[in-house]
$ cat protein-v7.cif   # mmCIF, C-alpha atoms
data_my_file
loop_
_atom_site.group_PDB
_atom_site.id
_atom_site.type_symbol
_atom_site.label_atom_id
_atom_site.label_comp_id
_atom_site.auth_asym_id
_atom_site.auth_seq_id
_atom_site.Cartn_x
_atom_site.Cartn_y
_atom_site.Cartn_z
ATOM 1 C CA MET A 1 82.269 85.349 128.015
ATOM 2 C CA ILE A 2 84.951 84.280 125.521
ATOM 3 C CA ASP A 3 84.617 80.647 126.655
ATOM 4 C CA ILE A 4 80.888 80.725 125.926
ATOM 5 C CA ILE A 5 81.436 82.255 122.496
ATOM 6 C CA LEU A 6 84.082 79.675 121.640
ATOM 7 C CA ALA A 7 81.813 76.859 122.768
ATOM 8 C CA ASN A 8 78.998 78.103 120.530
ATOM 9 C CA ALA A 9 81.175 79.033 117.559
ATOM 10 C CA ALA A 10 79.464 76.505 115.296
ATOM 11 C CA GLN A 11 76.227 78.520 115.256
ATOM 12 C CA PHE A 12 77.840 81.643 113.795
ATOM 13 C CA THR A 13 78.577 82.488 110.181
ATOM 14 C CA ARG A 14 82.169 81.968 109.130
ATOM 15 C CA PHE A 15 83.727 84.657 106.967
ATOM 16 C CA GLU A 16 84.751 82.256 104.194
ATOM 17 C CA GLU A 17 81.134 81.089 103.892
ATOM 18 C CA LEU A 18 80.186 84.547 102.609
ATOM 19 C CA GLY A 19 82.109 83.877 99.404
ATOM 20 C CA VAL A 20 83.839 87.270 99.341
ATOM 21 C CA SER A 21 87.440 87.939 98.384
ATOM 22 C CA PRO A 22 89.745 90.945 98.691
ATOM 23 C CA ASN A 23 90.279 90.646 94.934
ATOM 24 C CA ALA A 24 87.652 92.000 92.561
ATOM 25 C CA LEU A 25 89.662 90.516 89.691
ATOM 26 C CA ASP A 26 92.421 87.921 89.853
ATOM 27 C CA LEU A 27 94.227 87.014 86.637
ATOM 28 C CA GLY A 28 97.178 85.460 88.400
ATOM 29 C CA PHE A 29 99.685 87.959 87.066
ATOM 30 C CA PHE A 30 97.373 90.858 87.969
ATOM 31 C CA GLN A 31 95.075 91.422 90.924
ATOM 32 C CA LEU A 32 92.555 94.227 91.246
ATOM 33 C CA LYS A 33 91.658 94.846 94.878
ATOM 34 C CA TRP A 34 88.221 95.890 96.116
ATOM 35 C CA TYR A 35 90.095 98.320 98.351
ATOM 36 C CA SER A 36 91.433 100.146 95.294
ATOM 37 C CA LEU A 37 87.991 100.176 93.682
ATOM 38 C CA ALA A 38 86.482 101.534 96.897
ATOM 39 C CA TYR A 39 88.807 104.558 96.804
ATOM 40 C CA LEU A 40 88.139 105.047 93.107
ATOM 41 C CA ALA A 41 84.348 104.786 93.529
ATOM 42 C CA GLY A 42 84.358 107.167 96.480
ATOM 43 C CA ILE A 43 86.319 109.788 94.563
ATOM 44 C CA LEU A 44 84.416 109.497 91.276
ATOM 45 C CA ILE A 45 80.903 109.332 92.753
ATOM 46 C CA GLY A 46 81.817 112.034 95.247
ATOM 47 C CA TYR A 47 83.014 114.285 92.435
ATOM 48 C CA TRP A 48 79.844 113.628 90.422
ATOM 49 C CA TYR A 49 77.706 114.565 93.431
ATOM 50 C CA LEU A 50 79.828 117.656 94.045
ATOM 51 C CA THR A 51 79.054 118.880 90.519
ATOM 52 C CA LYS A 52 75.329 118.597 91.340
ATOM 53 C CA LEU A 53 75.836 120.648 94.487
ATOM 54 C CA ILE A 54 77.812 123.434 92.831
ATOM 55 C CA ASP A 55 75.220 123.711 90.070
ATOM 56 C CA GLN A 56 72.835 125.100 92.689
ATOM 57 C CA PRO A 57 72.561 128.879 93.245
ATOM 58 C CA GLY A 58 75.061 130.378 95.648
ATOM 59 C CA SER A 59 77.872 127.884 95.138
ATOM 60 C CA PRO A 60 81.231 129.024 96.582
ATOM 61 C CA MET A 61 83.115 127.568 93.613
ATOM 62 C CA ALA A 62 82.791 126.941 89.900
ATOM 63 C CA ARG A 63 83.353 123.662 88.051
ATOM 64 C CA ARG A 64 86.937 124.600 87.206
ATOM 65 C CA HIS A 65 87.687 125.037 90.909
ATOM 66 C CA ALA A 66 86.213 121.615 91.671
ATOM 67 C CA ASP A 67 88.220 120.039 88.861
ATOM 68 C CA ASP A 68 91.420 121.500 90.266
ATOM 69 C CA MET A 69 90.661 120.660 93.852
ATOM 70 C CA ILE A 70 89.753 117.008 93.212
ATOM 71 C CA PHE A 71 93.362 116.308 92.211
ATOM 72 C CA TRP A 72 94.778 117.823 95.387
ATOM 73 C CA ALA A 73 92.072 116.223 97.529
ATOM 74 C CA THR A 74 92.856 112.777 96.088
ATOM 75 C CA LEU A 75 96.529 113.304 96.852
ATOM 76 C CA GLY A 76 95.602 114.474 100.348
ATOM 77 C CA ILE A 77 93.492 111.371 100.980
ATOM 78 C CA ILE A 78 96.281 108.997 99.953
ATOM 79 C CA VAL A 79 99.249 110.757 101.543
ATOM 80 C CA GLY A 80 97.402 112.030 104.614
ATOM 81 C CA GLY A 81 95.607 108.733 105.148
ATOM 82 C CA ARG A 82 98.794 106.692 105.038
ATOM 83 C CA LEU A 83 100.884 109.065 107.154
ATOM 84 C CA GLY A 84 98.000 109.378 109.606
ATOM 85 C CA TYR A 85 97.906 105.613 110.084
ATOM 86 C CA ILE A 86 101.662 105.486 110.641
ATOM 87 C CA PHE A 87 101.865 108.342 113.153
ATOM 88 C CA PHE A 88 98.598 107.674 114.994
ATOM 89 C CA TYR A 89 98.499 103.888 114.990
ATOM 90 C CA ASN A 90 101.768 102.226 113.980
ATOM 91 C CA PRO A 91 104.953 104.363 114.152
ATOM 92 C CA SER A 92 107.059 101.181 113.956
ATOM 93 C CA ILE A 93 106.542 101.232 110.178
ATOM 94 C CA LEU A 94 109.080 104.070 110.058
ATOM 95 C CA GLU A 95 111.779 101.565 111.033
ATOM 96 C CA ASN A 96 111.527 100.245 107.459
ATOM 97 C CA PRO A 97 110.813 103.358 105.338
ATOM 98 C CA LEU A 98 109.880 101.361 102.244
ATOM 99 C CA ASP A 99 106.935 99.911 104.195
ATOM 100 C CA ILE A 100 105.367 103.369 104.115
ATOM 101 C CA PHE A 101 104.360 102.666 100.521
ATOM 102 C CA LYS A 102 102.825 99.263 101.348
ATOM 103 C CA VAL A 103 99.332 100.652 101.964
ATOM 104 C CA TRP A 104 97.916 97.123 102.069
ATOM 105 C CA GLN A 105 99.856 96.556 105.298
ATOM 106 C CA GLY A 106 97.972 98.348 108.064
ATOM 107 C CA GLY A 107 96.009 100.544 105.705
ATOM 108 C CA MET A 108 94.977 104.183 105.986
ATOM 109 C CA SER A 109 93.678 106.502 108.690
ATOM 110 C CA LEU A 110 90.454 108.435 108.146
ATOM 111 C CA HIS A 111 91.696 111.162 110.480
ATOM 112 C CA GLY A 112 94.900 111.569 108.467
ATOM 113 C CA GLY A 113 92.985 111.543 105.186
ATOM 114 C CA THR A 114 90.680 114.239 106.550
ATOM 115 C CA LEU A 115 93.640 116.470 107.364
ATOM 116 C CA GLY A 116 94.958 115.874 103.842
ATOM 117 C CA VAL A 117 91.653 116.939 102.284
ATOM 118 C CA ILE A 118 91.479 120.037 104.502
ATOM 119 C CA LEU A 119 94.934 121.064 103.309
ATOM 120 C CA ALA A 120 93.834 120.544 99.692
ATOM 121 C CA ILE A 121 90.767 122.752 100.221
ATOM 122 C CA TRP A 122 92.868 125.400 101.960
ATOM 123 C CA TRP A 123 95.386 125.415 99.106
ATOM 124 C CA THR A 124 92.696 125.746 96.437
ATOM 125 C CA SER A 125 90.725 128.422 98.299
ATOM 126 C CA ARG A 126 93.844 130.469 99.020
ATOM 127 C CA ARG A 127 95.071 130.315 95.424
ATOM 128 C CA GLU A 128 91.670 131.079 93.898
ATOM 129 C CA LYS A 129 90.608 133.545 96.653
ATOM 130 C CA LEU A 130 87.502 131.530 97.570
ATOM 131 C CA SER A 131 85.779 130.976 100.910
ATOM 132 C CA PHE A 132 87.621 128.159 102.660
ATOM 133 C CA LEU A 133 84.814 127.425 105.119
ATOM 134 C CA ARG A 134 82.065 127.339 102.487
ATOM 135 C CA MET A 135 84.162 125.033 100.320
ATOM 136 C CA CYS A 136 84.528 122.738 103.335
ATOM 137 C CA ASP A 137 80.721 122.724 103.650
ATOM 138 C CA TYR A 138 80.315 121.406 100.119
ATOM 139 C CA ILE A 139 83.095 118.840 100.385
ATOM 140 C CA ALA A 140 81.621 117.580 103.661
ATOM 141 C CA CYS A 141 78.500 116.561 101.734
ATOM 142 C CA VAL A 142 80.440 114.189 99.454
ATOM 143 C CA ILE A 143 82.623 112.572 102.139
ATOM 144 C CA PRO A 144 80.128 109.780 103.031
ATOM 145 C CA PHE A 145 80.601 108.096 99.641
ATOM 146 C CA GLY A 146 84.249 107.409 100.383
ATOM 147 C CA LEU A 147 83.485 106.352 103.948
ATOM 148 C CA PHE A 148 80.763 103.929 102.856
ATOM 149 C CA PHE A 149 82.768 102.191 100.137
ATOM 150 C CA GLY A 150 85.895 102.181 102.283
ATOM 151 C CA ARG A 151 84.155 100.388 105.154
ATOM 152 C CA LEU A 152 82.654 97.838 102.773
ATOM 153 C CA ALA A 153 86.171 97.202 101.467
ATOM 154 C CA ASN A 154 87.372 96.714 105.050
ATOM 155 C CA PHE A 155 84.681 94.072 105.487
ATOM 156 C CA VAL A 156 85.517 92.277 102.241
ATOM 157 C CA ASN A 157 89.182 92.278 103.268
ATOM 158 C CA GLY A 158 88.211 90.749 106.606
ATOM 159 C CA GLU A 159 90.060 93.494 108.488
ATOM 160 C CA LEU A 160 89.232 95.915 111.309
ATOM 161 C CA TRP A 161 86.802 93.383 112.721
ATOM 162 C CA GLY A 162 84.881 93.898 115.926
ATOM 163 C CA ARG A 163 85.145 92.606 119.449
ATOM 164 C CA ALA A 164 84.023 89.176 120.542
ATOM 165 C CA THR A 165 80.260 88.831 120.891
ATOM 166 C CA ASP A 166 77.401 86.344 120.846
ATOM 167 C CA VAL A 167 74.871 88.434 118.900
ATOM 168 C CA PRO A 168 73.072 86.353 116.208
ATOM 169 C CA TRP A 169 74.707 88.254 113.324
ATOM 170 C CA ALA A 170 78.248 87.777 114.640
ATOM 171 C CA ILE A 171 80.869 86.546 112.175
ATOM 172 C CA ILE A 172 83.929 84.382 112.709
ATOM 173 C CA PHE A 173 86.675 86.179 110.799
ATOM 174 C CA THR A 174 89.109 83.437 109.913
ATOM 175 C CA GLN A 175 92.227 85.559 109.602
ATOM 176 C CA GLN A 176 94.869 84.228 111.975
ATOM 177 C CA ALA A 177 94.911 87.265 114.243
ATOM 178 C CA ALA A 178 91.133 87.141 114.698
ATOM 179 C CA GLY A 179 91.090 83.583 116.049
ATOM 180 C CA GLU A 180 88.129 81.237 116.188
ATOM 181 C CA VAL A 181 85.961 83.845 117.879
ATOM 182 C CA ALA A 182 82.603 85.257 116.771
ATOM 183 C CA ARG A 183 82.908 89.016 116.392
ATOM 184 C CA HIS A 184 80.862 92.112 115.639
ATOM 185 C CA PRO A 185 80.966 93.001 111.913
ATOM 186 C CA SER A 186 81.921 96.510 113.014
ATOM 187 C CA GLN A 187 82.938 97.461 109.470
ATOM 188 C CA LEU A 188 79.263 97.242 108.464
ATOM 189 C CA TYR A 189 78.205 99.275 111.496
ATOM 190 C CA GLU A 190 80.592 102.001 110.355
ATOM 191 C CA ALA A 191 79.377 101.799 106.760
ATOM 192 C CA GLY A 192 75.828 102.387 107.984
ATOM 193 C CA LEU A 193 76.596 105.222 110.389
ATOM 194 C CA GLU A 194 79.531 106.986 108.713
ATOM 195 C CA GLY A 195 78.199 106.409 105.203
ATOM 196 C CA ILE A 196 74.417 106.123 105.005
ATOM 197 C CA LEU A 197 73.362 108.082 108.110
ATOM 198 C CA TYR A 198 75.945 110.806 107.429
ATOM 199 C CA PHE A 199 74.748 111.160 103.818
ATOM 200 C CA ILE A 200 71.061 111.366 104.788
ATOM 201 C CA ILE A 201 71.615 114.066 107.421
ATOM 202 C CA LEU A 202 73.907 116.235 105.271
ATOM 203 C CA SER A 203 71.664 115.839 102.211
ATOM 204 C CA LEU A 204 68.578 116.947 104.121
ATOM 205 C CA LEU A 205 70.437 119.974 105.469
ATOM 206 C CA PHE A 206 71.769 120.940 102.041
ATOM 207 C CA TRP A 207 68.625 120.434 99.968
ATOM 208 C CA LYS A 208 65.873 121.186 102.487
ATOM 209 C CA THR A 209 67.302 124.031 104.589
ATOM 210 C CA ASP A 210 69.468 127.122 104.141
ATOM 211 C CA ALA A 211 72.405 125.473 105.935
ATOM 212 C CA ARG A 212 74.722 125.971 102.961
ATOM 213 C CA TYR A 213 74.381 129.748 103.392
ATOM 214 C CA GLN A 214 75.612 129.538 106.988
ATOM 215 C CA PRO A 215 79.369 128.958 106.585
ATOM 216 C CA GLY A 216 80.568 126.062 108.707
ATOM 217 C CA LYS A 217 77.193 124.510 109.472
ATOM 218 C CA LEU A 218 77.427 121.604 107.048
ATOM 219 C CA VAL A 219 81.033 120.693 107.763
ATOM 220 C CA GLY A 220 80.387 121.126 111.486
ATOM 221 C CA THR A 221 77.413 118.766 111.296
ATOM 222 C CA GLY A 222 79.520 116.300 109.340
ATOM 223 C CA LEU A 223 82.200 116.364 112.031
ATOM 224 C CA LEU A 224 79.573 115.754 114.702
ATOM 225 C CA VAL A 225 77.910 112.872 112.859
ATOM 226 C CA TYR A 226 81.200 111.195 112.039
ATOM 227 C CA GLY A 227 82.664 111.874 115.471
ATOM 228 C CA PHE A 228 79.759 110.422 117.430
ATOM 229 C CA SER A 229 79.389 107.517 114.978
ATOM 230 C CA ARG A 230 83.053 106.565 115.198
ATOM 231 C CA PHE A 231 83.156 107.052 118.969
ATOM 232 C CA THR A 232 80.175 104.714 119.358
ATOM 233 C CA VAL A 233 81.375 102.011 116.960
ATOM 234 C CA GLU A 234 84.769 101.893 118.664
ATOM 235 C CA PHE A 235 83.051 100.193 121.620
ATOM 236 C CA PHE A 236 82.282 97.298 119.247
ATOM 237 C CA ARG A 237 85.534 97.360 117.263
ATOM 238 C CA GLU A 238 88.655 95.446 118.272
ATOM 239 C CA PRO A 239 91.441 97.923 119.132
ATOM 240 C CA ASP A 240 94.651 97.727 117.118
ATOM 241 C CA ALA A 241 96.884 95.107 118.733
ATOM 242 C CA GLN A 242 99.737 97.575 119.280
ATOM 243 C CA LEU A 243 97.382 100.042 121.010
ATOM 244 C CA THR A 244 95.503 97.803 123.446
ATOM 245 C CA TRP A 245 97.521 99.431 126.222
ATOM 246 C CA LEU A 246 95.761 102.728 125.526
ATOM 247 C CA VAL A 247 92.337 101.133 125.997
ATOM 248 C CA GLU A 248 93.480 99.372 129.154
ATOM 249 C CA GLN A 249 94.872 102.558 130.682
ATOM 250 C CA SER A 250 92.314 105.144 129.551
ATOM 251 C CA GLY A 251 89.189 103.139 128.735
ATOM 252 C CA PHE A 252 89.090 104.624 125.223
ATOM 253 C CA SER A 253 90.746 103.630 121.950
ATOM 254 C CA MET A 254 92.953 105.805 119.758
ATOM 255 C CA GLY A 255 90.022 106.186 117.341
ATOM 256 C CA GLN A 256 87.862 107.590 120.142
ATOM 257 C CA TRP A 257 90.515 110.006 121.378
ATOM 258 C CA LEU A 258 90.992 111.308 117.845
ATOM 259 C CA THR A 259 87.262 111.991 117.463
ATOM 260 C CA VAL A 260 87.126 114.241 120.536
ATOM 261 C CA PRO A 261 88.656 117.325 118.820
ATOM 262 C CA MET A 262 86.448 116.631 115.779
ATOM 263 C CA ILE A 263 83.321 116.663 117.942
ATOM 264 C CA LEU A 264 84.363 119.837 119.762
ATOM 265 C CA LEU A 265 85.224 121.642 116.524
ATOM 266 C CA GLY A 266 82.003 120.439 114.898
ATOM 267 C CA ALA A 267 79.886 121.689 117.797
ATOM 268 C CA TRP A 268 81.559 125.104 117.690
ATOM 269 C CA LEU A 269 81.080 125.437 113.931
ATOM 270 C CA VAL A 270 77.383 124.507 114.133
ATOM 271 C CA PHE A 271 76.534 126.785 117.049
ATOM 272 C CA THR A 272 78.343 129.791 115.554
ATOM 273 C CA ALA A 273 77.206 129.267 111.945
ATOM 274 C CA LYS A 274 74.286 131.709 112.034
ATOM 275 C CA GLY A 275 76.634 134.512 113.033
ATOM 276 C CA ARG A 276 78.563 133.975 109.812
ATOM 277 C CA ARG A 277 75.456 134.198 107.616
ATOM 278 C CA VAL A 278 76.200 136.706 104.845
ATOM 279 C CA ARG A 279 74.773 137.607 101.466
ATOM 280 C CA VAL A 280 75.990 135.038 98.966
ATOM 281 C CA GLU A 281 76.285 135.793 95.270
ATOM 282 C CA PRO A 282 76.332 132.760 93.000
ATOM 283 C CA VAL A 283 79.445 131.472 91.306
ATOM 284 C CA ALA A 284 77.244 128.929 89.529
ATOM 285 C CA GLY A 285 73.545 129.283 88.689
ATOM 286 C CA ASP A 286 71.659 132.421 87.845
ATOM 287 C CA LYS A 287 69.926 133.377 91.101
ATOM 288 C CA SER A 288 71.203 135.789 93.706
ATOM 289 C CA ILE A 289 70.979 134.480 97.242
ATOM 290 C CA ALA A 290 70.113 136.962 99.990
#
$ encode --input "protein-v7.cif" --output "structure tokens"
Amino acid sequence: MIDIILANAAQFTRFEELGVSPNALDLGFFQLKWYSLAYLAGILIGYWYLTKLIDQPGSPMARRHADDMIFWATLGIIVGGRLGYIFFYNPSILENPLDIFKVWQGGMSLHGGTLGVILAIWWTSRREKLSFLRMCDYIACVIPFGLFFGRLANFVNGELWGRATDVPWAIIFTQQAAGEVARHPSQLYEAGLEGILYFIILSLLFWKTDARYQPGKLVGTGLLVYGFSRFTVEFFREPDAQLTWLVEQSGFSMGQWLTVPMILLGAWLVFTAKGRRVRVEPVAGDKSIA
């Protein structure tokens, strides 16, 4: 299979032909990375959308709670994402502790960032005496913005590329580790599933149904959509070089193993959500929700 792909490499698009660069701005003495802008866009647009959600009747939090939580959530994304990558994917970084801060080397883990955000929500809800699960429902609705922009940044960086393939839209990522092999643009697959599809499903549930009054239903659905999306895309994504042994021995990548508890938890939250349906009085808005 690889021999055939190599022989036909000339027919595929080369990454450098796309004219993209990891730098959104390069002044020589200063470089602004698309990766940094992706995090910033995800947080800012996500916060803007969150304010639209909490303006609806029956919100579990007020604007001041959202303002407070966004700081802790941002910290959770950065710290949790980086530590998650180190512990789940590349513990060898701990041999040189200063490398922990070099987020451009190896990157971040979505699973670790998720744990960081959950801790931020728990901290805010505990301190303000709010419903932790209902806050998770609202935050779940804004997560796809960060996922979408993050995956686009992965593509622009030419990282986390897919496995070798001969599909017509395959791309030859010219980074040294990728080799002269046409590969799935798995970053774009993830942007579509984890970003666009996730957003559509959660938006329909929030705006068109009473899911937000069933604590756990929205966040549970989000876990299911992300879990199944990530599990599927991992079949097209090249495993991390240091973890190929896990795929060889178990048939599944680290990313797939980490989605299993997410899928199980999501399924439980969705199927038990109706039993948690209670009368919800609004924190924002002027209508009482029965």
$ atom_distance --input "protein-v7.cif" --atom1 "atom CA of Met262 of chain A" --atom2 "atom CA of Arg183 of chain A"
27.8 Å
$ atom_distance --input "protein-v7.cif" --atom1 "atom CA of Leu223 of chain A" --atom2 "atom CA of Phe71 of chain A"
22.7 Å
$ atom_distance --input "protein-v7.cif" --atom1 "atom CA of Ala62 of chain A" --atom2 "atom CA of Asp137 of chain A"
14.5 Å
$ closest_atom_pairs --input "protein-v7.cif" --of "segment 153-224 of chain A" --to "segment 14-29 of chain A" --cutoff "6 Å" --atoms "only C-alpha atoms" --output "CSV"
residue,atom,partner,partner_atom,distance
A:Val156,CA,A:Pro22,CA,5.7
A:Asn157,CA,A:Pro22,CA,4.8
A:Ile171,CA,A:Arg14,CA,5.6
A:Ile172,CA,A:Arg14,CA,4.7
A:Phe173,CA,A:Phe15,CA,5.1
$ residues_around --input "protein-v7.cif" --residues "Ile263 of chain A" --least-positions-apart "4" --cutoff "9 Å" --atoms "all atoms listed in the file" --output "PDB file with C-alpha atoms, in the coordinates of the input"
ATOM      1  CA  GLY A 220      80.387 121.126 111.486  1.00  0.00           C
ATOM      2  CA  LEU A 223      82.200 116.364 112.031  1.00  0.00           C
ATOM      3  CA  LEU A 224      79.573 115.754 114.702  1.00  0.00           C
ATOM      4  CA  VAL A 225      77.910 112.872 112.859  1.00  0.00           C
ATOM      5  CA  TYR A 226      81.200 111.195 112.039  1.00  0.00           C
ATOM      6  CA  GLY A 227      82.664 111.874 115.471  1.00  0.00           C
ATOM      7  CA  PHE A 228      79.759 110.422 117.430  1.00  0.00           C
ATOM      8  CA  THR A 259      87.262 111.991 117.463  1.00  0.00           C
ATOM      9  CA  ALA A 267      79.886 121.689 117.797  1.00  0.00           C
ATOM     10  CA  TRP A 268      81.559 125.104 117.690  1.00  0.00           C
TER      11      TRP A 268
END
$ resolve_selection --input "protein-v7.cif" --expression "the PyMOL selection byres ((chain A and resi 191) around 12)" --output "VMD selection string"
chain A and resid 144 to 155 185 to 190 192 to 199 226 229 to 230 233
$ residues_near_point --input "protein-v7.cif" --point "(84.9, 124.7, 95.5)" --cutoff "12 Å" --atoms "all atoms listed in the file" --output "ChimeraX atom specification"
/A:47,50-51,53-55,58-70,73,120-140,283-284
$ closest_residue --input "protein-v7.cif" --among "A:Gly116, A:Gly84, A:Pro168, A:Pro215" --to "Lys274 of chain A" --atoms "all atoms listed in the file"
A:Pro215
$ residues_around --input "protein-v7.cif" --residues "Glu238 of chain A" --least-positions-apart "4" --cutoff "10 Å" --atoms "only C-alpha atoms" --output "mmCIF file with C-alpha atoms, keeping the file's coordinate frame"
data_model
loop_
_atom_site.group_PDB
_atom_site.id
_atom_site.type_symbol
_atom_site.label_atom_id
_atom_site.label_comp_id
_atom_site.auth_asym_id
_atom_site.auth_seq_id
_atom_site.Cartn_x
_atom_site.Cartn_y
_atom_site.Cartn_z
ATOM 1 C CA LEU A 160 89.232 95.915 111.309
ATOM 2 C CA TRP A 161 86.802 93.383 112.721
ATOM 3 C CA GLY A 162 84.881 93.898 115.926
ATOM 4 C CA ARG A 163 85.145 92.606 119.449
ATOM 5 C CA ALA A 164 84.023 89.176 120.542
ATOM 6 C CA ALA A 178 91.133 87.141 114.698
ATOM 7 C CA ARG A 183 82.908 89.016 116.392
ATOM 8 C CA HIS A 184 80.862 92.112 115.639
ATOM 9 C CA SER A 186 81.921 96.510 113.014
ATOM 10 C CA VAL A 233 81.375 102.011 116.960
ATOM 11 C CA GLU A 234 84.769 101.893 118.664
ATOM 12 C CA THR A 244 95.503 97.803 123.446
ATOM 13 C CA SER A 253 90.746 103.630 121.950
#
$ closest_residue --input "protein-v7.cif" --among "A:Ile43, A:Cys141, A:Trp72, A:Pro261" --to "Leu205 of chain A" --atoms "all atoms listed in the file"
A:Cys141
$ closest_residue --input "protein-v7.cif" --among "A:Val142, A:Leu44, A:Leu115, A:Leu83" --to "Ile200 of chain A" --atoms "all atoms listed in the file"
A:Val142
